[in-house]
file my_file17.cif (mmCIF, C-alpha atoms and all ligand atoms)
data_data
loop_
_atom_site.group_PDB
_atom_site.id
_atom_site.type_symbol
_atom_site.label_atom_id
_atom_site.label_comp_id
_atom_site.auth_asym_id
_atom_site.auth_seq_id
_atom_site.Cartn_x
_atom_site.Cartn_y
_atom_site.Cartn_z
ATOM 1 C CA MET A 1 19.441 10.323 -24.995
ATOM 2 C CA SER A 2 15.931 11.802 -24.868
ATOM 3 C CA ALA A 3 15.310 14.845 -22.643
ATOM 4 C CA GLN A 4 15.481 13.959 -18.980
ATOM 5 C CA ARG A 5 12.079 14.120 -17.267
ATOM 6 C CA PHE A 6 11.657 15.300 -13.698
ATOM 7 C CA GLY A 7 9.046 14.443 -11.100
ATOM 8 C CA ALA A 8 8.206 14.965 -7.447
ATOM 9 C CA GLY A 9 6.185 13.446 -4.670
ATOM 10 C CA ILE A 10 3.138 15.675 -4.272
ATOM 11 C CA TRP A 11 3.902 15.835 -0.520
ATOM 12 C CA HIS A 12 6.800 18.143 -1.519
ATOM 13 C CA PHE A 13 4.094 20.827 -1.872
ATOM 14 C CA ALA A 14 2.114 20.011 1.276
ATOM 15 C CA THR A 15 2.733 21.377 4.762
ATOM 16 C CA TYR A 16 3.973 19.242 7.626
ATOM 17 C CA LEU A 17 3.476 18.437 11.270
ATOM 18 C CA ASP A 18 6.019 16.980 13.639
ATOM 19 C CA ARG A 19 6.072 16.217 17.331
ATOM 20 C CA TYR A 20 7.093 19.833 18.119
ATOM 21 C CA ALA A 21 5.100 22.027 15.739
ATOM 22 C CA THR A 22 1.958 20.045 16.360
ATOM 23 C CA ASP A 23 0.037 22.928 14.800
ATOM 24 C CA GLY A 24 1.995 22.445 11.592
ATOM 25 C CA TYR A 25 4.690 24.330 9.711
ATOM 26 C CA GLY A 26 2.053 26.063 7.651
ATOM 27 C CA ALA A 27 -1.671 26.121 7.049
ATOM 28 C CA PRO A 28 -2.949 22.751 5.831
ATOM 29 C CA ARG A 29 -3.098 22.333 2.052
ATOM 30 C CA SER A 30 -5.251 20.057 -0.029
ATOM 31 C CA VAL A 31 -3.943 17.843 -2.791
ATOM 32 C CA ILE A 32 -5.486 20.258 -5.288
ATOM 33 C CA GLU A 33 -3.567 23.204 -3.821
ATOM 34 C CA ALA A 34 -0.403 21.097 -3.807
ATOM 35 C CA ILE A 35 -0.902 20.241 -7.502
ATOM 36 C CA ASP A 36 -1.380 23.923 -8.317
ATOM 37 C CA LEU A 37 1.940 24.677 -6.590
ATOM 38 C CA ALA A 38 3.681 21.789 -8.350
ATOM 39 C CA GLY A 39 2.449 23.225 -11.632
ATOM 40 C CA GLN A 40 4.479 26.376 -10.982
ATOM 41 C CA VAL A 41 7.766 24.473 -10.870
ATOM 42 C CA LYS A 42 9.772 24.749 -14.078
ATOM 43 C CA ASP A 43 10.252 21.443 -15.877
ATOM 44 C CA LEU A 44 8.205 19.186 -13.657
ATOM 45 C CA SER A 45 6.416 16.541 -15.722
ATOM 46 C CA VAL A 46 4.964 14.062 -13.241
ATOM 47 C CA VAL A 47 3.969 13.679 -9.620
ATOM 48 C CA ASP A 48 3.524 10.782 -7.222
ATOM 49 C CA ILE A 49 0.199 11.125 -5.402
ATOM 50 C CA ASN A 50 -0.819 9.843 -1.986
ATOM 51 C CA TYR A 51 -4.019 7.869 -1.780
ATOM 52 C CA PRO A 52 -6.501 8.655 -0.203
ATOM 53 C CA PHE A 53 -6.141 12.251 -1.390
ATOM 54 C CA PHE A 54 -5.240 14.640 1.390
ATOM 55 C CA GLY A 55 -7.038 17.778 2.507
ATOM 56 C CA GLY A 56 -10.573 17.002 1.411
ATOM 57 C CA ASP A 57 -12.965 14.655 -0.255
ATOM 58 C CA PHE A 58 -11.948 14.960 -3.915
ATOM 59 C CA SER A 59 -13.081 12.834 -6.832
ATOM 60 C CA ASN A 60 -10.650 11.392 -9.331
ATOM 61 C CA ALA A 61 -12.103 13.761 -11.915
ATOM 62 C CA GLN A 62 -11.328 16.798 -9.758
ATOM 63 C CA VAL A 63 -7.750 15.651 -9.230
ATOM 64 C CA LYS A 64 -7.383 14.896 -12.927
ATOM 65 C CA GLU A 65 -8.663 18.351 -13.812
ATOM 66 C CA ALA A 66 -6.088 19.962 -11.500
ATOM 67 C CA LEU A 67 -3.333 17.823 -13.037
ATOM 68 C CA ASP A 68 -4.428 18.689 -16.566
ATOM 69 C CA ARG A 69 -4.527 22.425 -15.980
ATOM 70 C CA ASN A 70 -0.986 22.157 -14.619
ATOM 71 C CA LYS A 71 0.192 19.840 -17.424
ATOM 72 C CA LEU A 72 1.246 17.176 -14.952
ATOM 73 C CA GLY A 73 1.054 13.416 -15.311
ATOM 74 C CA VAL A 74 1.053 10.808 -12.554
ATOM 75 C CA ILE A 75 4.021 8.497 -12.174
ATOM 76 C CA GLY A 76 2.893 6.629 -9.089
ATOM 77 C CA ILE A 77 0.203 6.268 -6.456
ATOM 78 C CA THR A 78 1.321 5.889 -2.856
ATOM 79 C CA PRO A 79 -1.341 4.240 -0.683
ATOM 80 C CA GLU A 80 -1.127 5.518 2.892
ATOM 81 C CA ILE A 81 -0.389 2.230 4.609
ATOM 82 C CA TYR A 82 1.485 4.027 7.385
ATOM 83 C CA THR A 83 -1.185 6.132 9.118
ATOM 84 C CA ARG A 84 -2.844 5.626 12.534
ATOM 85 C CA GLU A 85 -4.698 2.481 11.560
ATOM 86 C CA PHE A 86 -1.357 0.897 10.666
ATOM 87 C CA VAL A 87 0.874 1.971 13.559
ATOM 88 C CA LYS A 88 1.650 -1.675 14.290
ATOM 89 C CA GLY A 89 2.251 -2.433 10.645
ATOM 90 C CA SER A 90 0.353 -2.833 7.401
ATOM 91 C CA PHE A 91 1.395 -6.139 5.779
ATOM 92 C CA THR A 92 2.953 -7.267 9.067
ATOM 93 C CA ASN A 93 0.270 -6.118 11.490
ATOM 94 C CA PRO A 94 -0.367 -8.740 14.199
ATOM 95 C CA ASP A 95 -4.118 -8.328 13.566
ATOM 96 C CA ALA A 96 -5.214 -10.227 10.460
ATOM 97 C CA GLY A 97 -8.108 -7.767 10.032
ATOM 98 C CA VAL A 98 -5.684 -4.832 9.724
ATOM 99 C CA ARG A 99 -3.527 -6.796 7.283
ATOM 100 C CA ARG A 100 -6.668 -7.328 5.238
ATOM 101 C CA ARG A 101 -7.447 -3.611 5.406
ATOM 102 C CA ALA A 102 -3.944 -2.811 4.099
ATOM 103 C CA HIS A 103 -4.586 -5.216 1.233
ATOM 104 C CA GLU A 104 -7.879 -3.488 0.453
ATOM 105 C CA LEU A 105 -6.343 -0.023 0.544
ATOM 106 C CA VAL A 106 -3.543 -0.998 -1.834
ATOM 107 C CA THR A 107 -6.092 -2.716 -4.082
ATOM 108 C CA GLU A 108 -8.002 0.585 -4.251
ATOM 109 C CA ALA A 109 -4.703 2.303 -5.073
ATOM 110 C CA CYS A 110 -4.299 -0.154 -7.973
ATOM 111 C CA ASP A 111 -7.496 1.214 -9.484
ATOM 112 C CA GLN A 112 -6.136 4.740 -9.053
ATOM 113 C CA VAL A 113 -3.004 3.737 -10.957
ATOM 114 C CA ARG A 114 -5.212 2.455 -13.784
ATOM 115 C CA TYR A 115 -7.393 5.583 -13.736
ATOM 116 C CA PHE A 116 -4.481 8.022 -13.874
ATOM 117 C CA GLY A 117 -2.371 5.885 -16.210
ATOM 118 C CA ALA A 118 0.457 5.876 -13.677
ATOM 119 C CA ASP A 119 3.552 3.697 -13.918
ATOM 120 C CA TYR A 120 3.304 1.914 -10.583
ATOM 121 C CA VAL A 121 1.858 1.447 -7.124
ATOM 122 C CA LYS A 122 4.422 2.631 -4.635
ATOM 123 C CA LEU A 123 4.655 0.637 -1.442
ATOM 124 C CA TRP A 124 6.281 2.360 1.459
ATOM 125 C CA PRO A 125 5.517 0.123 4.434
ATOM 126 C CA GLY A 126 6.934 2.600 6.942
ATOM 127 C CA GLN A 127 5.256 0.994 9.942
ATOM 128 C CA ASP A 128 6.283 -2.553 9.083
ATOM 129 C CA GLY A 129 9.101 -3.402 11.428
ATOM 130 C CA TRP A 130 9.870 -3.302 15.125
ATOM 131 C CA ASP A 131 11.258 -1.033 17.815
ATOM 132 C CA TYR A 132 12.584 -3.301 20.598
ATOM 133 C CA PRO A 133 14.458 -6.568 21.088
ATOM 134 C CA PHE A 134 12.085 -9.496 21.657
ATOM 135 C CA GLN A 135 9.160 -7.504 20.260
ATOM 136 C CA VAL A 136 8.561 -9.612 17.156
ATOM 137 C CA ASP A 137 9.233 -12.986 15.643
ATOM 138 C CA TYR A 138 11.487 -12.001 12.748
ATOM 139 C CA GLY A 139 10.591 -14.981 10.589
ATOM 140 C CA THR A 140 6.866 -14.303 10.863
ATOM 141 C CA LEU A 141 7.344 -10.601 10.222
ATOM 142 C CA TRP A 142 9.370 -11.188 7.055
ATOM 143 C CA LYS A 143 6.934 -13.828 5.828
ATOM 144 C CA HIS A 144 4.023 -11.413 6.279
ATOM 145 C CA SER A 145 5.958 -8.693 4.414
ATOM 146 C CA LEU A 146 6.532 -10.965 1.428
ATOM 147 C CA ASP A 147 3.064 -12.533 1.510
ATOM 148 C CA GLY A 148 1.449 -9.077 1.553
ATOM 149 C CA VAL A 149 3.407 -7.736 -1.413
ATOM 150 C CA GLY A 150 3.361 -11.030 -3.310
ATOM 151 C CA ARG A 151 -0.402 -11.405 -3.096
ATOM 152 C CA LEU A 152 -0.987 -7.896 -4.453
ATOM 153 C CA ALA A 153 1.491 -8.414 -7.275
ATOM 154 C CA SER A 154 -0.067 -11.720 -8.291
ATOM 155 C CA GLU A 155 -3.610 -10.329 -8.145
ATOM 156 C CA ASN A 156 -2.640 -7.346 -10.320
ATOM 157 C CA PRO A 157 -0.280 -8.691 -12.978
ATOM 158 C CA ASP A 158 -1.046 -5.702 -15.231
ATOM 159 C CA LEU A 159 0.578 -3.304 -12.759
ATOM 160 C CA LYS A 160 4.052 -2.695 -11.403
ATOM 161 C CA PHE A 161 4.715 -2.473 -7.672
ATOM 162 C CA VAL A 162 7.739 -0.682 -6.296
ATOM 163 C CA ILE A 163 9.019 -1.082 -2.763
ATOM 164 C CA GLU A 164 10.765 1.977 -1.355
ATOM 165 C CA TYR A 165 13.115 0.678 1.283
ATOM 166 C CA LYS A 166 14.309 2.728 4.223
ATOM 167 C CA PRO A 167 16.350 1.742 7.275
ATOM 168 C CA ARG A 168 14.179 3.444 9.931
ATOM 169 C CA GLU A 169 11.537 6.067 10.731
ATOM 170 C CA PRO A 170 8.812 5.851 11.707
ATOM 171 C CA ARG A 171 9.668 2.303 12.872
ATOM 172 C CA VAL A 172 13.030 2.123 14.593
ATOM 173 C CA ARG A 173 13.792 -0.885 12.375
ATOM 174 C CA MET A 174 11.991 -1.328 9.087
ATOM 175 C CA SER A 175 11.306 -4.663 7.457
ATOM 176 C CA PHE A 176 12.340 -3.504 3.953
ATOM 177 C CA GLY A 177 15.379 -1.708 5.333
ATOM 178 C CA SER A 178 18.155 -2.041 2.768
ATOM 179 C CA VAL A 179 18.741 -2.704 -0.909
ATOM 180 C CA ALA A 180 20.025 -6.222 -0.237
ATOM 181 C CA ARG A 181 17.150 -7.255 2.031
ATOM 182 C CA THR A 182 14.600 -5.853 -0.373
ATOM 183 C CA LEU A 183 16.145 -7.616 -3.367
ATOM 184 C CA LEU A 184 16.289 -10.844 -1.415
ATOM 185 C CA GLY A 185 12.584 -10.492 -0.625
ATOM 186 C CA ILE A 186 11.674 -9.624 -4.206
ATOM 187 C CA GLU A 187 13.587 -12.633 -5.525
ATOM 188 C CA LYS A 188 11.755 -14.840 -3.025
ATOM 189 C CA ILE A 189 8.403 -13.437 -4.180
ATOM 190 C CA GLY A 190 9.574 -14.331 -7.675
ATOM 191 C CA LEU A 191 7.204 -12.183 -9.723
ATOM 192 C CA PRO A 192 8.250 -9.918 -12.598
ATOM 193 C CA ASN A 193 6.123 -6.942 -11.525
ATOM 194 C CA VAL A 194 7.783 -6.180 -8.185
ATOM 195 C CA GLY A 195 10.775 -3.869 -8.080
ATOM 196 C CA ILE A 196 12.596 -1.265 -6.054
ATOM 197 C CA LEU A 197 12.170 2.461 -5.873
ATOM 198 C CA LEU A 198 15.599 3.583 -4.774
ATOM 199 C CA ASP A 199 15.582 6.721 -2.650
ATOM 200 C CA PHE A 200 19.096 8.188 -2.648
ATOM 201 C CA GLY A 201 18.643 9.531 0.881
ATOM 202 C CA HIS A 202 17.383 6.249 2.283
ATOM 203 C CA ALA A 203 20.359 4.441 0.781
ATOM 204 C CA ILE A 204 22.970 6.808 2.215
ATOM 205 C CA MET A 205 21.349 7.058 5.646
ATOM 206 C CA GLY A 206 21.605 3.275 5.714
ATOM 207 C CA GLY A 207 25.333 3.428 5.072
ATOM 208 C CA GLU A 208 25.036 2.316 1.455
ATOM 209 C CA SER A 209 26.812 3.810 -1.556
ATOM 210 C CA ALA A 210 23.738 4.747 -3.549
ATOM 211 C CA ALA A 211 25.542 4.175 -6.855
ATOM 212 C CA ASP A 212 26.426 0.628 -5.819
ATOM 213 C CA SER A 213 22.854 0.023 -4.616
ATOM 214 C CA ALA A 214 21.543 1.202 -7.980
ATOM 215 C CA GLN A 215 23.916 -1.103 -9.859
ATOM 216 C CA LEU A 216 22.863 -4.056 -7.713
ATOM 217 C CA ALA A 217 19.144 -3.382 -8.267
ATOM 218 C CA ILE A 218 19.740 -2.931 -12.007
ATOM 219 C CA ASP A 219 21.753 -6.161 -12.213
ATOM 220 C CA TYR A 220 18.770 -8.019 -10.772
ATOM 221 C CA GLY A 221 16.403 -6.236 -13.191
ATOM 222 C CA ARG A 222 14.572 -4.585 -10.334
ATOM 223 C CA LEU A 223 15.255 -0.864 -10.464
ATOM 224 C CA PHE A 224 11.796 0.440 -11.342
ATOM 225 C CA GLY A 225 12.043 3.970 -9.933
ATOM 226 C CA MET A 226 14.166 6.406 -8.015
ATOM 227 C CA ASP A 227 14.036 9.627 -6.076
ATOM 228 C CA VAL A 228 16.615 12.018 -4.762
ATOM 229 C CA ASN A 229 17.157 14.385 -1.857
ATOM 230 C CA ASP A 230 20.007 14.758 0.620
ATOM 231 C CA ASN A 231 20.717 14.214 4.306
ATOM 232 C CA TYR A 232 23.505 14.229 6.871
ATOM 233 C CA ARG A 233 23.447 10.398 6.864
ATOM 234 C CA SER A 234 22.100 9.929 10.355
ATOM 235 C CA TRP A 235 18.465 10.670 9.504
ATOM 236 C CA ASP A 236 16.145 11.042 6.533
ATOM 237 C CA ASP A 237 16.415 14.840 6.474
ATOM 238 C CA ASP A 238 14.984 15.029 2.938
ATOM 239 C CA LEU A 239 16.968 18.191 2.188
ATOM 240 C CA VAL A 240 17.381 19.634 -1.277
ATOM 241 C CA ALA A 241 19.194 17.302 -3.703
ATOM 242 C CA GLY A 242 22.847 18.158 -4.195
ATOM 243 C CA SER A 243 23.155 20.284 -1.073
ATOM 244 C CA LEU A 244 25.423 17.928 0.886
ATOM 245 C CA HIS A 245 26.621 15.001 -1.220
ATOM 246 C CA PRO A 246 26.917 16.258 -4.806
ATOM 247 C CA ILE A 247 29.678 13.889 -5.870
ATOM 248 C CA GLU A 248 27.864 10.798 -4.574
ATOM 249 C CA ILE A 249 24.616 11.770 -6.219
ATOM 250 C CA PHE A 250 26.585 12.394 -9.438
ATOM 251 C CA GLU A 251 27.996 8.880 -9.235
ATOM 252 C CA PHE A 252 24.445 7.573 -8.691
ATOM 253 C CA PHE A 253 23.312 9.327 -11.900
ATOM 254 C CA TYR A 254 26.404 8.054 -13.691
ATOM 255 C CA VAL A 255 25.463 4.476 -12.857
ATOM 256 C CA LEU A 256 21.928 5.059 -14.144
ATOM 257 C CA ARG A 257 23.223 6.452 -17.421
ATOM 258 C CA LYS A 258 25.919 3.810 -17.783
ATOM 259 C CA ASN A 259 23.157 1.188 -17.644
ATOM 260 C CA ASN A 260 20.849 3.122 -19.988
ATOM 261 C CA TRP A 261 18.302 3.480 -17.193
ATOM 262 C CA GLU A 262 15.970 6.110 -18.573
ATOM 263 C CA GLY A 263 13.319 6.660 -15.906
ATOM 264 C CA VAL A 264 12.163 9.891 -14.323
ATOM 265 C CA TRP A 265 14.463 11.683 -11.874
ATOM 266 C CA GLN A 266 12.179 12.394 -8.963
ATOM 267 C CA LEU A 267 12.365 14.632 -5.922
ATOM 268 C CA ASP A 268 11.438 13.385 -2.476
ATOM 269 C CA GLN A 269 12.166 16.495 -0.450
ATOM 270 C CA PHE A 270 10.415 17.984 2.585
ATOM 271 C CA PRO A 271 10.841 21.778 2.615
ATOM 272 C CA PHE A 272 9.611 22.344 6.165
ATOM 273 C CA ARG A 273 10.712 25.990 6.301
ATOM 274 C CA GLU A 274 11.514 26.753 2.682
ATOM 275 C CA ASP A 275 9.360 27.851 -0.197
ATOM 276 C CA SER A 276 8.344 24.595 -1.880
ATOM 277 C CA ILE A 277 8.464 25.940 -5.443
ATOM 278 C CA ALA A 278 11.887 27.558 -4.983
ATOM 279 C CA THR A 279 13.199 24.359 -3.364
ATOM 280 C CA ALA A 280 12.005 22.194 -6.247
ATOM 281 C CA ASN A 281 13.393 24.621 -8.842
ATOM 282 C CA HIS A 282 16.743 24.692 -7.081
ATOM 283 C CA ALA A 283 16.913 20.895 -7.006
ATOM 284 C CA ILE A 284 15.971 20.588 -10.675
ATOM 285 C CA ASP A 285 18.625 23.156 -11.602
ATOM 286 C CA PHE A 286 21.137 20.960 -9.798
ATOM 287 C CA LEU A 287 19.841 17.822 -11.534
ATOM 288 C CA LYS A 288 20.136 19.532 -14.908
ATOM 289 C CA ALA A 289 23.701 20.526 -14.113
ATOM 290 C CA ALA A 290 24.391 16.913 -13.120
ATOM 291 C CA ALA A 291 22.937 15.741 -16.453
ATOM 292 C CA LYS A 292 25.191 18.231 -18.262
ATOM 293 C CA GLY A 293 28.063 16.942 -16.171
ATOM 294 C CA LEU A 294 27.319 13.426 -17.409
ATOM 295 C CA ASP A 295 27.458 14.697 -20.988
ATOM 296 C CA ALA A 296 30.842 16.259 -20.247
ATOM 297 C CA LEU A 297 32.249 13.268 -18.398
ATOM 298 C CA ASP A 298 35.296 11.700 -20.011
ATOM 299 C CA VAL A 299 33.901 8.197 -19.801
ATOM 300 C CA ASP A 300 36.831 6.477 -21.515
ATOM 301 C CA ALA A 301 39.325 8.080 -19.144
ATOM 302 C CA LEU A 302 37.085 7.218 -16.198
ATOM 303 C CA LYS A 303 36.815 3.595 -17.259
ATOM 304 C CA GLU A 304 40.558 3.429 -17.708
ATOM 305 C CA ALA A 305 41.094 4.865 -14.208
ATOM 306 C CA GLN A 306 38.536 2.441 -12.754
ATOM 307 C CA SER A 307 40.239 -0.490 -14.453
ATOM 308 C CA ARG A 308 43.201 0.312 -12.218
ATOM 309 C CA HIS A 309 41.027 1.244 -9.179
ATOM 310 C CA ASP A 310 42.774 4.610 -9.357
ATOM 311 C CA ALA A 311 40.747 6.681 -6.878
ATOM 312 C CA ILE A 312 42.350 10.073 -7.412
ATOM 313 C CA SER A 313 42.202 9.977 -11.202
ATOM 314 C CA GLY A 314 38.576 8.812 -11.144
ATOM 315 C CA LEU A 315 37.595 11.517 -8.677
ATOM 316 C CA LYS A 316 39.395 14.210 -10.671
ATOM 317 C CA ILE A 317 37.522 13.260 -13.841
ATOM 318 C CA ALA A 318 34.174 13.209 -12.024
ATOM 319 C CA GLN A 319 34.739 16.480 -10.155
ATOM 320 C CA LYS A 320 35.856 18.262 -13.307
ATOM 321 C CA ALA A 321 32.721 17.143 -15.140
ATOM 322 C CA LEU A 322 30.241 17.941 -12.369
ATOM 323 C CA PHE A 323 31.660 21.171 -10.996
ATOM 324 C CA GLY A 324 32.485 22.382 -14.499
ATOM 325 C CA ALA A 325 28.781 22.014 -15.355
ATOM 326 C CA MET A 326 27.494 23.959 -12.355
HETATM 327 FE FE FE B 1 12.463 10.219 2.601
#
call {"tool": "encode", "arguments": {"input": "my_file17.cif", "output": "structure tokens", "more": "lines below"}}
Ligand SMILES: [Fe+2]
result
Amino acid sequence: MSAQRFGAGIWHFATYLDRYATDGYGAPRSVIEAIDLAGQVKDLSVVDINYPFFGGDFSNAQVKEALDRNKLGVIGITPEIYTREFVKGSFTNPDAGVRRRAHELVTEACDQVRYFGADYVKLWPGQDGWDYPFQVDYGTLWKHSLDGVGRLASENPDLKFVIEYKPREPRVRMSFGSVARTLLGIEKIGLPNVGILLDFGHAIMGGESAADSAQLAIDYGRLFGMDVNDNYRSWDDDLVAGSLHPIEIFEFFYVLRKNNWEGVWQLDQFPFREDSIATANHAIDFLKAAAKGLDALDVDALKEAQSRHDAISGLKIAQKALFGAM
């Protein structure tokens, strides 16, 4: 297997606001400053960049220059289809004019993907959903979700689109809320260039086994990307990968390797109070240990145990491999 590559969402290196610290958890940073921080992380190869660029009016050339001096490539572009303009939804907004605006913004993001030579446009329709019973017509909402993504994918057949599903937040219920719903939608769209970006934390907060979700997406040929983090399962805490659920994340990586899935292992973490470089380094150290654990895993013995659904033997083999590699 070739050397595992690591990536991160550039927002990992930004500062954040919430409804309490409305003055922010740190001084605002521009995308350029965030790239310069990302460049200080050991073994980071690629970043996912929000579009429009945050923190100033930067040209593509300026962003490219910052990436080059930090030896970073771009894996994805994430159009911000979840900001104030889209609080009632992007693809599913009740106002056709706002739906059109979402389409335009993602179309601009497509050109960014081409400019930076990225792998995909990442769609995270965080505002597409509902909050209350009787608020929406579910059929219309789902149709708009699929029409919005499908139109973009058919207009840009040279590009890949990934949908990052998430059960909730900011919407209390999100339209692309689970692996099964998202796959169902993608199959209905029926185009080869739409897939899933599986966020480990989103899967487990939704009550999924992330390893099973990954296998399902792979079986349908739709696992185009992934990112990792950790949470307590009730919320998308975006804590450092491996901090809470090491054995489940190890199983997730095992499924990727078992299927020869060779994409980038990305971080989607939000270090509100931690040093962003130290947090990323710590996560990557854990991911490297997990990769070593996969090398050490007694796969034959594991398969034999699984053929009997022998939980304790399977767990013993996995724990020995992972914790022995730490
Ligand atoms: Fe997240």
call {"tool": "resolve_selection", "arguments": {"input": "my_file17.cif", "expression": "the PyMOL selection byres (((chain A and resi 56-64) around 9) and not hetatm)", "output": "list in words"}}
result
Ser30, Val31, Ile32, Ile35, Pro52, Phe53, Phe54, Gly55, Glu65, Ala66, Leu67, Asp68, Arg69, Gly73, Gln112, Tyr115 and Phe116 of chain A
call {"tool": "residues_around", "arguments": {"input": "my_file17.cif", "residues": "Ala153 of chain A", "least_positions_apart": "6", "cutoff": "7 Å", "atoms": "only C-alpha atoms", "output": "CSV table (one decimal) with C-alpha atoms, in the coordinates of the input"}}
result
chain,number,residue,atom,x,y,z
A,161,PHE,CA,4.7,-2.5,-7.7
A,193,ASN,CA,6.1,-6.9,-11.5
A,194,VAL,CA,7.8,-6.2,-8.2
call {"tool": "atom_distance", "arguments": {"input": "my_file17.cif", "atom1": "atom CA of Asp199 of chain A", "atom2": "atom CA of Val240 of chain A"}}
result
13.1 Å
call {"tool": "atom_distance", "arguments": {"input": "my_file17.cif", "atom1": "atom CA of Asp219 of chain A", "atom2": "atom CA of Leu183 of chain A"}}
result
10.6 Å
call {"tool": "residues_near_ligand", "arguments": {"input": "my_file17.cif", "ligand": "ligand FE 1 (chain B)", "cutoff": "8 Å", "atoms": "only C-alpha atoms and all ligand atoms", "output": "list in words"}}
result
Lys166, Asp199, Gly201, His202, Asn229, Asp236, Asp237, Asp238, Asp268 and Gln269 of chain A
call {"tool": "closest_residue", "arguments": {"input": "my_file17.cif", "among": "A:Gly139, A:Gly148, A:Gly117, A:Gly195", "to": "Asn93 of chain A", "atoms": "only C-alpha atoms"}}
result
A:Gly148
call {"tool": "resolve_selection", "arguments": {"input": "my_file17.cif", "expression": "the PyMOL selection byres (((chain A and resi 14-21) around 10) and not hetatm)", "output": "ChimeraX atom specification"}}
result
/A:9-13,22-31,33-35,37-38,54-55,270-273,276
call {"tool": "write_last_selection", "arguments": {"input": "my_file17.cif", "atoms": "C-alpha atoms", "output": "PDB file, in the coordinates of the input"}}
result
ATOM      1  CA  GLY A   9       6.185  13.446  -4.670  1.00  0.00           C
ATOM      2  CA  ILE A  10       3.138  15.675  -4.272  1.00  0.00           C
ATOM      3  CA  TRP A  11       3.902  15.835  -0.520  1.00  0.00           C
ATOM      4  CA  HIS A  12       6.800  18.143  -1.519  1.00  0.00           C
ATOM      5  CA  PHE A  13       4.094  20.827  -1.872  1.00  0.00           C
ATOM      6  CA  THR A  22       1.958  20.045  16.360  1.00  0.00           C
ATOM      7  CA  ASP A  23       0.037  22.928  14.800  1.00  0.00           C
ATOM      8  CA  GLY A  24       1.995  22.445  11.592  1.00  0.00           C
ATOM      9  CA  TYR A  25       4.690  24.330   9.711  1.00  0.00           C
ATOM     10  CA  GLY A  26       2.053  26.063   7.651  1.00  0.00           C
ATOM     11  CA  ALA A  27      -1.671  26.121   7.049  1.00  0.00           C
ATOM     12  CA  PRO A  28      -2.949  22.751   5.831  1.00  0.00           C
ATOM     13  CA  ARG A  29      -3.098  22.333   2.052  1.00  0.00           C
ATOM     14  CA  SER A  30      -5.251  20.057  -0.029  1.00  0.00           C
ATOM     15  CA  VAL A  31      -3.943  17.843  -2.791  1.00  0.00           C
ATOM     16  CA  GLU A  33      -3.567  23.204  -3.821  1.00  0.00           C
ATOM     17  CA  ALA A  34      -0.403  21.097  -3.807  1.00  0.00           C
ATOM     18  CA  ILE A  35      -0.902  20.241  -7.502  1.00  0.00           C
ATOM     19  CA  LEU A  37       1.940  24.677  -6.590  1.00  0.00           C
ATOM     20  CA  ALA A  38       3.681  21.789  -8.350  1.00  0.00           C
ATOM     21  CA  PHE A  54      -5.240  14.640   1.390  1.00  0.00           C
ATOM     22  CA  GLY A  55      -7.038  17.778   2.507  1.00  0.00           C
ATOM     23  CA  PHE A 270      10.415  17.984   2.585  1.00  0.00           C
ATOM     24  CA  PRO A 271      10.841  21.778   2.615  1.00  0.00           C
ATOM     25  CA  PHE A 272       9.611  22.344   6.165  1.00  0.00           C
ATOM     26  CA  ARG A 273      10.712  25.990   6.301  1.00  0.00           C
ATOM     27  CA  SER A 276       8.344  24.595  -1.880  1.00  0.00           C
TER      28      SER A 276
END
call {"tool": "resolve_selection", "arguments": {"input": "my_file17.cif", "expression": "the PyMOL selection byres (((chain A and resi 144) around 12) and not hetatm)", "output": "number ranges by chain"}}
result
A: 89-96, 99-100, 102-103, 125, 128-129, 136-143, 145-151, 175-176, 185, 189
call {"tool": "decode", "arguments": {"input": "my_file17.cif", "residues": "segment 160-174 of chain A", "atoms": "C-alpha atoms", "output": "short mmCIF file (atom, residue, chain, number, x, y, z; two decimals), in the first residue's frame"}}
result
data_model
loop_
_atom_site.label_atom_id
_atom_site.label_comp_id
_atom_site.auth_asym_id
_atom_site.auth_seq_id
_atom_site.Cartn_x
_atom_site.Cartn_y
_atom_site.Cartn_z
CA LYS A 160 -17.15 14.85 -8.75
CA PHE A 161 -19.66 16.01 -6.15
CA VAL A 162 -19.66 14.64 -2.63
CA ILE A 163 -22.54 14.99 -0.21
CA GLU A 164 -21.53 15.11 3.44
CA TYR A 165 -24.53 13.89 5.36
CA LYS A 166 -25.25 14.83 8.95
CA PRO A 167 -28.29 14.15 11.13
CA ARG A 168 -28.72 17.69 12.55
CA GLU A 169 -27.15 21.08 13.25
CA PRO A 170 -27.70 23.74 12.21
CA ARG A 171 -31.12 22.42 11.09
CA VAL A 172 -32.79 20.29 13.73
CA ARG A 173 -33.45 17.73 10.99
CA MET A 174 -31.29 17.65 7.90
#
